[in-house]
file query.tsv (TSV, C-alpha atoms)
chain	number	residue	atom	x	y	z
W	291	ASP	CA	85.78	82.66	91.51
W	292	LEU	CA	88.05	85.51	92.59
W	293	ALA	CA	88.75	83.78	95.91
W	294	LYS	CA	89.66	80.55	94.13
W	295	ILE	CA	92.00	82.29	91.67
W	296	ILE	CA	93.86	84.18	94.40
W	297	THR	CA	94.04	81.14	96.71
W	298	GLU	CA	95.26	78.70	94.08
W	299	ASN	CA	97.98	81.11	92.95
W	300	LEU	CA	99.33	81.30	96.50
W	301	GLY	CA	99.99	77.56	96.35
W	302	VAL	CA	99.91	77.00	100.12
W	303	PHE	CA	96.36	75.72	100.68
W	304	SER	CA	94.97	72.19	100.52
W	305	THR	CA	92.00	71.33	98.30
W	306	GLU	CA	89.77	71.27	101.40
W	307	GLU	CA	90.98	74.70	102.51
W	308	ILE	CA	90.36	76.14	99.05
W	309	ILE	CA	86.76	74.88	99.22
W	310	VAL	CA	86.31	76.50	102.63
W	311	ILE	CA	87.66	79.81	101.30
W	312	GLN	CA	85.24	79.62	98.36
W	313	LEU	CA	82.47	78.94	100.86
W	314	ILE	CA	83.38	82.09	102.80
W	315	ALA	CA	83.40	84.11	99.57
W	316	LEU	CA	79.98	82.79	98.55
W	317	PHE	CA	78.26	83.50	101.86
W	318	HIS	CA	80.10	86.46	103.44
W	319	ASP	CA	77.38	88.87	102.28
W	320	ILE	CA	74.36	86.71	103.04
W	321	GLY	CA	73.38	89.17	105.78
W	322	ASN	CA	72.62	91.70	103.03
W	323	PHE	CA	69.79	89.60	101.62
W	324	GLU	CA	66.22	90.21	102.72
W	325	GLN	CA	64.98	86.69	103.39
W	326	LYS	CA	61.34	87.25	102.46
W	327	ASN	CA	61.92	88.16	98.84
W	328	HIS	CA	65.64	87.38	98.33
W	329	ASN	CA	66.49	90.97	97.39
W	330	TYR	CA	70.01	92.24	97.92
W	331	LEU	CA	70.12	95.16	100.33
W	332	ASP	CA	73.10	97.40	99.64
W	333	ASN	CA	73.13	99.55	102.76
W	334	SER	CA	76.58	101.07	103.17
W	335	GLU	CA	75.58	102.64	106.48
W	336	GLU	CA	75.05	99.27	108.12
W	337	ASP	CA	77.63	96.55	108.74
W	338	SER	CA	76.01	93.26	107.78
W	339	THR	CA	78.86	90.99	108.86
W	340	MET	CA	77.31	90.05	112.19
W	341	LYS	CA	74.01	89.31	110.45
W	342	SER	CA	75.86	87.02	108.02
W	343	ILE	CA	77.52	85.20	110.93
W	344	GLU	CA	74.16	84.90	112.69
W	345	ILE	CA	72.47	83.34	109.64
W	346	LEU	CA	75.34	80.91	109.07
W	347	PHE	CA	75.95	79.83	112.66
W	348	ASP	CA	73.06	80.77	114.94
W	349	ASP	CA	70.48	79.73	112.34
W	350	GLY	CA	72.57	76.68	111.41
W	351	LEU	CA	72.94	77.23	107.67
W	352	ILE	CA	76.66	76.41	107.75
W	353	ARG	CA	75.96	72.89	109.06
W	354	LYS	CA	73.98	72.12	105.90
W	355	MET	CA	77.15	72.68	103.90
W	356	ILE	CA	80.00	71.55	106.15
W	357	GLU	CA	79.59	69.28	109.16
W	358	ASP	CA	83.12	69.68	110.47
W	359	THR	CA	83.36	72.55	112.98
W	360	LYS	CA	87.14	72.98	112.84
W	361	TYR	CA	86.89	75.89	110.40
W	362	ASP	CA	84.12	77.75	112.24
W	363	ASN	CA	86.33	80.35	113.92
W	364	ILE	CA	88.25	81.05	110.71
W	365	ILE	CA	85.01	81.47	108.76
W	366	LYS	CA	83.58	83.84	111.37
W	367	LEU	CA	86.77	85.90	111.55
W	368	ALA	CA	87.17	86.14	107.76
W	369	ILE	CA	83.57	87.28	107.34
W	370	PHE	CA	83.83	89.83	110.15
W	371	CYS	CA	87.13	91.30	108.93
W	372	HIS	CA	86.59	91.31	105.16
W	373	ASN	CA	85.31	94.91	104.97
W	374	LYS	CA	87.38	96.39	107.81
W	375	GLU	CA	90.89	97.74	108.16
W	376	GLY	CA	93.48	95.59	109.90
W	377	LEU	CA	93.30	92.21	111.61
W	378	PRO	CA	93.28	90.98	115.21
W	379	LYS	CA	96.67	90.27	116.76
W	380	ASN	CA	97.98	86.79	117.52
W	381	ILE	CA	96.28	84.90	114.69
W	382	ASP	CA	98.26	82.26	112.79
W	383	GLU	CA	99.69	82.81	109.31
W	384	LYS	CA	97.10	80.78	107.42
W	385	THR	CA	94.19	82.50	109.13
W	386	THR	CA	95.82	85.84	108.31
W	387	GLN	CA	96.12	84.81	104.66
W	388	ILE	CA	92.49	83.69	104.47
W	389	CYS	CA	91.33	87.00	105.96
W	390	ASN	CA	93.53	88.93	103.53
W	391	ILE	CA	92.18	86.92	100.60
W	392	MET	CA	88.67	87.93	101.62
W	393	LYS	CA	89.74	91.56	101.92
W	394	ASP	CA	91.11	91.41	98.37
W	395	VAL	CA	87.95	89.74	97.08
W	396	TYR	CA	85.85	92.45	98.72
W	397	ARG	CA	87.92	95.27	97.22
W	398	LEU	CA	88.03	93.69	93.77
W	399	GLU	CA	84.26	93.31	93.92
W	400	GLU	CA	83.88	96.98	94.80
W	401	LEU	CA	85.77	97.85	91.60
W	402	ARG	CA	83.89	95.31	89.49
W	403	MET	CA	80.48	96.33	90.81
W	404	VAL	CA	80.92	100.00	89.96
W	405	ILE	CA	81.59	98.94	86.35
W	406	ASN	CA	78.95	96.25	85.87
W	407	TYR	CA	76.25	97.52	88.23
W	408	PRO	CA	76.92	101.27	88.51
W	409	TYR	CA	75.98	102.57	91.94
W	410	ILE	CA	78.05	105.75	91.72
W	411	ASP	CA	76.68	108.78	89.88
W	412	ASN	CA	79.12	109.13	86.95
W	413	ARG	CA	78.34	112.79	86.26
W	414	ILE	CA	81.47	114.64	87.37
W	415	ASN	CA	81.18	118.42	87.53
W	416	THR	CA	83.63	119.23	90.31
W	417	TYR	CA	86.98	118.20	91.75
W	418	PRO	CA	87.17	115.89	94.76
W	419	THR	CA	87.28	117.49	98.19
W	420	THR	CA	90.66	118.28	99.74
W	421	LEU	CA	90.16	115.67	102.47
W	422	VAL	CA	89.57	112.81	100.03
W	423	TYR	CA	92.21	113.91	97.54
W	424	ASN	CA	94.91	114.28	100.20
W	425	GLU	CA	94.22	110.73	101.44
W	426	PHE	CA	94.23	109.45	97.88
W	427	LYS	CA	97.61	111.08	97.15
W	428	LEU	CA	99.02	109.13	100.09
W	429	PHE	CA	97.80	105.89	98.46
W	430	ARG	CA	95.46	105.12	101.34
W	431	HIS	CA	92.22	103.19	101.30
W	432	ILE	CA	89.49	105.75	102.02
W	433	ASN	CA	86.34	105.26	104.08
W	434	ASN	CA	83.23	105.86	101.95
W	435	LYS	CA	81.61	107.84	104.76
W	436	VAL	CA	83.76	110.88	103.95
W	437	SER	CA	82.36	111.27	100.43
W	438	ASP	CA	80.97	114.74	99.74
W	439	ASN	CA	80.45	114.68	95.95
W	440	ASN	CA	80.54	112.36	92.91
W	441	ALA	CA	84.27	112.91	92.36
W	442	ASP	CA	84.92	111.82	95.96
W	443	SER	CA	82.91	108.64	95.39
W	444	VAL	CA	85.02	107.75	92.35
W	445	LEU	CA	88.32	108.25	94.20
W	446	ILE	CA	87.04	106.30	97.20
W	447	CYS	CA	86.14	103.38	94.93
W	448	LEU	CA	89.53	103.53	93.20
W	449	SER	CA	91.28	103.65	96.58
W	450	ASN	CA	90.37	99.98	96.98
W	451	LEU	CA	93.51	99.39	94.91
W	452	PHE	CA	95.67	100.56	97.79
W	453	GLY	CA	94.50	97.85	100.17
W	454	LEU	CA	95.20	94.79	98.00
W	455	ASN	CA	97.48	92.15	99.50
W	456	TYR	CA	98.44	89.82	96.66
W	457	THR	CA	100.14	89.95	93.26
W	458	THR	CA	97.27	88.01	91.70
W	459	SER	CA	94.83	90.70	92.82
W	460	TYR	CA	96.81	93.41	91.03
W	461	LEU	CA	97.14	91.19	87.96
W	462	LEU	CA	93.35	90.79	87.93
W	463	VAL	CA	92.93	94.58	88.12
W	464	ALA	CA	95.29	95.05	85.17
W	465	GLU	CA	93.84	92.16	83.16
W	466	ASN	CA	90.27	93.37	83.58
W	467	GLN	CA	91.22	97.03	83.05
W	468	TYR	CA	89.20	98.13	86.06
W	469	VAL	CA	90.85	101.55	86.31
W	470	GLU	CA	90.43	102.36	82.62
W	471	LYS	CA	86.82	101.21	82.57
W	472	ILE	CA	85.88	103.27	85.63
W	473	ILE	CA	87.53	106.45	84.31
W	474	ASN	CA	86.07	105.96	80.82
W	475	SER	CA	82.57	105.59	82.27
W	476	LEU	CA	82.65	109.10	83.73
W	477	LEU	CA	80.79	112.02	82.14
W	478	PHE	CA	82.68	115.30	82.54
W	479	GLU	CA	81.25	118.79	82.26
W	480	ASP	CA	84.67	120.42	82.34
W	481	ARG	CA	87.78	119.63	80.28
W	482	LYS	CA	90.13	120.49	83.14
W	483	ILE	CA	88.38	118.06	85.47
W	484	GLU	CA	88.50	115.39	82.76
W	485	LYS	CA	92.27	115.96	82.36
W	486	PHE	CA	92.64	115.71	86.16
W	487	PHE	CA	91.00	112.26	86.18
W	488	LYS	CA	92.97	111.11	83.14
W	489	GLN	CA	96.16	111.94	85.05
W	490	ILE	CA	94.87	109.88	87.97
W	491	GLU	CA	94.31	107.01	85.56
W	492	LEU	CA	97.95	107.15	84.42
W	493	VAL	CA	99.22	107.33	88.00
W	494	LEU	CA	97.14	104.31	89.03
W	495	LYS	CA	98.18	102.21	86.03
W	496	ASN	CA	101.80	102.94	86.88
W	497	TYR	CA	101.12	102.15	90.56
W	498	ILE	CA	99.59	98.77	89.62
W	499	GLN	CA	102.51	97.79	87.40
W	500	LYS	CA	105.03	98.76	90.08
W	501	LYS	CA	103.16	96.72	92.70
W	502	ILE	CA	103.15	93.69	90.41
W	503	VAL	CA	106.91	93.95	89.84
W	504	ILE	CA	107.74	94.53	93.52
W	505	MET	CA	105.45	91.76	94.80
W	506	LYS	CA	106.84	89.26	92.31
W	507	GLN	CA	110.36	89.77	93.62
W	508	PRO	CA	111.47	86.98	95.96
W	509	THR	CA	111.90	87.89	99.60
W	510	ASN	CA	115.10	87.03	101.46
call {"tool": "encode", "arguments": {"input": "query.tsv", "output": "structure tokens"}}
result
Amino acid sequence: DLAKIITENLGVFSTEEIIVIQLIALFHDIGNFEQKNHNYLDNSEEDSTMKSIEILFDDGLIRKMIEDTKYDNIIKLAIFCHNKEGLPKNIDEKTTQICNIMKDVYRLEELRMVINYPYIDNRINTYPTTLVYNEFKLFRHINNKVSDNNADSVLICLSNLFGLNYTTSYLLVAENQYVEKIINSLLFEDRKIEKFFKQIELVLKNYIQKKIVIMKQPTN
């Protein structure tokens, strides 16, 4: 659904291309499912993208959904890149956009999941580490491997905001109040730490609104 909303708002894709993008969004994480019992395996230490590509292409699942092979390379690339920084060089504009749509979907899902299916311990009894906080202050997306405490995990999740590519993505964050909901879900043992996170909330809400305004401005 997120992929469809973002794609349709761009207004540059055909109906067929929108369906392909939805297909990528539906199956990009299939490598995380244990096939015997259909359980979802959330293992942040392991990159499942190659497993997803293997199931779709080597095992032939993709051919049960789309016979035409012309989108195969785009599908593989979008799945492989969706949870990584950057993109390969020398890819065409539409392929770049599809990959960036999937990156936005992935980051929006990270925010949504921590609200609806909490996987971060919300008991906050310390400040984030200097390493994580310094990266956050630079408005950079932070790798979850550097987390050292619960406060780090919260900032790392929120840093998904800094990697979004499209106005619609920021509008979805604002509309669904992801930042407010995440901050309000936290349990603080110290008033000063609570105030610290409330200030982060204000900064992020301002950041989102500025991004929406800037990205809506026409380019020359």
call {"tool": "closest_residue", "arguments": {"input": "query.tsv", "among": "W:Asp438, W:Asp291, W:Gly321, W:Ser443", "to": "Asp349 (chain W)", "atoms": "all atoms listed in the file"}}
result
W:Gly321
call {"tool": "axis_aligned_box", "arguments": {"input": "query.tsv", "around": "region 453-469 of chain W", "padding_each_side": "4 Å", "output": "JSON"}}
result
{"center_x": 94.7, "center_y": 94.8, "center_z": 91.6, "size_x": 18.9, "size_y": 21.5, "size_z": 25.1}
call {"tool": "closest_residue", "arguments": {"input": "query.tsv", "among": "W:Leu461, W:Val436, W:Leu451, W:Ala293", "to": "Cys389 (chain W)", "atoms": "all atoms listed in the file"}}
result
W:Ala293
call {"tool": "atom_distance", "arguments": {"input": "query.tsv", "atom1": "CA of Arg402 (chain W)", "atom2": "CA of Val444 (chain W)"}}
result
12.8 Å
call {"tool": "closest_residue", "arguments": {"input": "query.tsv", "among": "W:Phe478, W:Tyr460, W:Gly350, W:Gln507", "to": "Lys495 (chain W)", "atoms": "all atoms listed in the file"}}
result
W:Tyr460
call {"tool": "atom_distance", "arguments": {"input": "query.tsv", "atom1": "CA of Ile410 (chain W)", "atom2": "CA of Ala441 (chain W)"}}
result
9.5 Å
call {"tool": "closest_residue", "arguments": {"input": "query.tsv", "among": "W:Val493, W:Asn440, W:Ile311, W:Leu462", "to": "Thr416 (chain W)", "atoms": "all atoms listed in the file"}}
result
W:Asn440
call {"tool": "residues_around", "arguments": {"input": "query.tsv", "residues": "region 452-455 of chain W", "least_positions_apart": "4", "cutoff": "12 Å", "atoms": "all atoms listed in the file", "output": "VMD selection string"}}
result
chain W and resid 296 to 297 300 372 to 376 386 to 401 425 to 433 445 to 448 459 to 463 494 497 to 498 501 to 502 505
call {"tool": "atom_distance", "arguments": {"input": "query.tsv", "atom1": "CA of Ile369 (chain W)", "atom2": "CA of Ile472 (chain W)"}}
result
27.1 Å
call {"tool": "closest_residue", "arguments": {"input": "query.tsv", "among": "W:Cys371, W:Gln489, W:Met355, W:Asn466", "to": "Ile309 (chain W)", "atoms": "all atoms listed in the file"}}
result
W:Met355
call {"tool": "closest_residue", "arguments": {"input": "query.tsv", "among": "W:Thr359, W:Lys485, W:Thr458, W:Lys354", "to": "Ile414 (chain W)", "atoms": "only C-alpha atoms"}}
result
W:Lys485
call {"tool": "decode", "arguments": {"input": "query.tsv", "residues": "region 381-491 of chain W", "atoms": "C-alpha atoms", "output": "PDB file, in the first residue's frame"}}
result
ATOM      1  CA  ILE W 381      21.303   2.944 -13.773  1.00  0.00           C
ATOM      2  CA  ASP W 382      18.509   4.771 -15.596  1.00  0.00           C
ATOM      3  CA  GLU W 383      16.220   7.300 -13.931  1.00  0.00           C
ATOM      4  CA  LYS W 384      13.177   5.035 -13.625  1.00  0.00           C
ATOM      5  CA  THR W 385      15.178   2.207 -12.083  1.00  0.00           C
ATOM      6  CA  THR W 386      16.660   4.731  -9.646  1.00  0.00           C
ATOM      7  CA  GLN W 387      13.170   5.913  -8.718  1.00  0.00           C
ATOM      8  CA  ILE W 388      11.897   2.363  -8.178  1.00  0.00           C
ATOM      9  CA  CYS W 389      14.859   1.585  -5.917  1.00  0.00           C
ATOM     10  CA  ASN W 390      14.307   4.809  -3.978  1.00  0.00           C
ATOM     11  CA  ILE W 391      10.609   4.024  -3.586  1.00  0.00           C
ATOM     12  CA  MET W 392      11.557   0.697  -2.033  1.00  0.00           C
ATOM     13  CA  LYS W 393      14.047   2.414   0.265  1.00  0.00           C
ATOM     14  CA  ASP W 394      11.278   4.753   1.448  1.00  0.00           C
ATOM     15  CA  VAL W 395       8.864   1.863   1.943  1.00  0.00           C
ATOM     16  CA  TYR W 396      11.485   0.022   3.996  1.00  0.00           C
ATOM     17  CA  ARG W 397      12.176   3.043   6.207  1.00  0.00           C
ATOM     18  CA  LEU W 398       8.501   3.870   6.678  1.00  0.00           C
ATOM     19  CA  GLU W 399       7.911   0.251   7.667  1.00  0.00           C
ATOM     20  CA  GLU W 400      10.702   0.465  10.238  1.00  0.00           C
ATOM     21  CA  LEU W 401       8.873   3.404  11.842  1.00  0.00           C
ATOM     22  CA  ARG W 402       5.457   1.755  11.615  1.00  0.00           C
ATOM     23  CA  MET W 403       6.665  -1.575  12.980  1.00  0.00           C
ATOM     24  CA  VAL W 404       8.164  -0.070  16.125  1.00  0.00           C
ATOM     25  CA  ILE W 405       4.739   1.437  16.873  1.00  0.00           C
ATOM     26  CA  ASN W 406       2.448  -1.456  15.969  1.00  0.00           C
ATOM     27  CA  TYR W 407       4.725  -4.404  16.756  1.00  0.00           C
ATOM     28  CA  PRO W 408       7.217  -3.024  19.300  1.00  0.00           C
ATOM     29  CA  TYR W 409      10.606  -4.664  18.924  1.00  0.00           C
ATOM     30  CA  ILE W 410      12.542  -1.967  20.784  1.00  0.00           C
ATOM     31  CA  ASP W 411      12.638  -1.961  24.580  1.00  0.00           C
ATOM     32  CA  ASN W 412      10.804   1.277  25.443  1.00  0.00           C
ATOM     33  CA  ARG W 413      12.266   1.609  28.943  1.00  0.00           C
ATOM     34  CA  ILE W 414      14.643   4.561  28.687  1.00  0.00           C
ATOM     35  CA  ASN W 415      16.920   5.104  31.676  1.00  0.00           C
ATOM     36  CA  THR W 416      19.948   6.678  30.013  1.00  0.00           C
ATOM     37  CA  TYR W 417      20.948   9.087  27.260  1.00  0.00           C
ATOM     38  CA  PRO W 418      22.053   7.794  23.858  1.00  0.00           C
ATOM     39  CA  THR W 419      25.752   7.187  23.343  1.00  0.00           C
ATOM     40  CA  THR W 420      27.893  10.001  21.951  1.00  0.00           C
ATOM     41  CA  LEU W 421      28.513   8.094  18.707  1.00  0.00           C
ATOM     42  CA  VAL W 422      24.821   7.661  17.923  1.00  0.00           C
ATOM     43  CA  TYR W 423      23.796  11.129  19.084  1.00  0.00           C
ATOM     44  CA  ASN W 424      26.503  12.867  17.042  1.00  0.00           C
ATOM     45  CA  GLU W 425      25.356  11.042  13.884  1.00  0.00           C
ATOM     46  CA  PHE W 426      21.745  11.874  14.682  1.00  0.00           C
ATOM     47  CA  LYS W 427      22.546  15.591  15.094  1.00  0.00           C
ATOM     48  CA  LEU W 428      23.963  15.529  11.575  1.00  0.00           C
ATOM     49  CA  PHE W 429      20.615  14.183  10.305  1.00  0.00           C
ATOM     50  CA  ARG W 430      22.179  10.948   9.095  1.00  0.00           C
ATOM     51  CA  HIS W 431      20.606   7.531   8.785  1.00  0.00           C
ATOM     52  CA  ILE W 432      22.318   5.363  11.421  1.00  0.00           C
ATOM     53  CA  ASN W 433      23.280   1.705  11.141  1.00  0.00           C
ATOM     54  CA  ASN W 434      21.510  -0.367  13.812  1.00  0.00           C
ATOM     55  CA  LYS W 435      24.709  -2.284  14.533  1.00  0.00           C
ATOM     56  CA  VAL W 436      26.098   0.639  16.536  1.00  0.00           C
ATOM     57  CA  SER W 437      23.310   0.544  19.136  1.00  0.00           C
ATOM     58  CA  ASP W 438      24.586   0.254  22.701  1.00  0.00           C
ATOM     59  CA  ASN W 439      21.434   0.945  24.755  1.00  0.00           C
ATOM     60  CA  ASN W 440      17.661   1.456  24.447  1.00  0.00           C
ATOM     61  CA  ALA W 441      18.014   5.191  23.800  1.00  0.00           C
ATOM     62  CA  ASP W 442      20.365   4.423  20.896  1.00  0.00           C
ATOM     63  CA  SER W 443      17.802   2.022  19.424  1.00  0.00           C
ATOM     64  CA  VAL W 444      15.114   4.721  19.490  1.00  0.00           C
ATOM     65  CA  LEU W 445      17.320   7.303  17.746  1.00  0.00           C
ATOM     66  CA  ILE W 446      18.439   4.734  15.174  1.00  0.00           C
ATOM     67  CA  CYS W 447      14.806   3.959  14.363  1.00  0.00           C
ATOM     68  CA  LEU W 448      13.942   7.659  14.121  1.00  0.00           C
ATOM     69  CA  SER W 449      16.955   8.239  11.872  1.00  0.00           C
ATOM     70  CA  ASN W 450      15.034   6.440   9.123  1.00  0.00           C
ATOM     71  CA  LEU W 451      13.437   9.853   8.564  1.00  0.00           C
ATOM     72  CA  PHE W 452      16.715  11.214   7.245  1.00  0.00           C
ATOM     73  CA  GLY W 453      16.899   8.771   4.345  1.00  0.00           C
ATOM     74  CA  LEU W 454      13.475   9.407   2.792  1.00  0.00           C
ATOM     75  CA  ASN W 455      13.448  10.440  -0.863  1.00  0.00           C
ATOM     76  CA  TYR W 456       9.938  11.687  -1.605  1.00  0.00           C
ATOM     77  CA  THR W 457       7.496  14.351  -0.397  1.00  0.00           C
ATOM     78  CA  THR W 458       4.743  11.751  -0.090  1.00  0.00           C
ATOM     79  CA  SER W 459       6.890   9.757   2.337  1.00  0.00           C
ATOM     80  CA  TYR W 460       7.280  12.756   4.648  1.00  0.00           C
ATOM     81  CA  LEU W 461       3.564  13.519   4.339  1.00  0.00           C
ATOM     82  CA  LEU W 462       2.820   9.943   5.419  1.00  0.00           C
ATOM     83  CA  VAL W 463       5.107  10.351   8.449  1.00  0.00           C
ATOM     84  CA  ALA W 464       3.314  13.561   9.441  1.00  0.00           C
ATOM     85  CA  GLU W 465      -0.170  12.195   8.723  1.00  0.00           C
ATOM     86  CA  ASN W 466       0.405   9.040  10.757  1.00  0.00           C
ATOM     87  CA  GLN W 467       2.227  10.916  13.545  1.00  0.00           C
ATOM     88  CA  TYR W 468       5.029   8.360  13.619  1.00  0.00           C
ATOM     89  CA  VAL W 469       7.424  10.582  15.571  1.00  0.00           C
ATOM     90  CA  GLU W 470       4.870  11.534  18.219  1.00  0.00           C
ATOM     91  CA  LYS W 471       3.688   7.952  18.657  1.00  0.00           C
ATOM     92  CA  ILE W 472       7.220   6.597  19.066  1.00  0.00           C
ATOM     93  CA  ILE W 473       8.224   9.250  21.619  1.00  0.00           C
ATOM     94  CA  ASN W 474       4.934   8.884  23.533  1.00  0.00           C
ATOM     95  CA  SER W 475       5.434   5.121  23.781  1.00  0.00           C
ATOM     96  CA  LEU W 476       8.656   5.533  25.767  1.00  0.00           C
ATOM     97  CA  LEU W 477       8.832   4.977  29.529  1.00  0.00           C
ATOM     98  CA  PHE W 478      11.295   7.344  31.204  1.00  0.00           C
ATOM     99  CA  GLU W 479      12.907   6.894  34.598  1.00  0.00           C
ATOM    100  CA  ASP W 480      14.363  10.396  34.593  1.00  0.00           C
ATOM    101  CA  ARG W 481      12.648  13.731  33.883  1.00  0.00           C
ATOM    102  CA  LYS W 482      15.754  15.205  32.257  1.00  0.00           C
ATOM    103  CA  ILE W 483      15.994  12.308  29.811  1.00  0.00           C
ATOM    104  CA  GLU W 484      12.283  12.662  29.052  1.00  0.00           C
ATOM    105  CA  LYS W 485      12.787  16.390  28.329  1.00  0.00           C
ATOM    106  CA  PHE W 486      15.736  15.484  26.078  1.00  0.00           C
ATOM    107  CA  PHE W 487      13.542  13.183  23.962  1.00  0.00           C
ATOM    108  CA  LYS W 488      10.688  15.697  23.878  1.00  0.00           C
ATOM    109  CA  GLN W 489      13.123  18.233  22.412  1.00  0.00           C
ATOM    110  CA  ILE W 490      14.113  15.657  19.793  1.00  0.00           C
ATOM    111  CA  GLU W 491      10.433  15.246  18.964  1.00  0.00           C
TER     112      GLU W 491
END
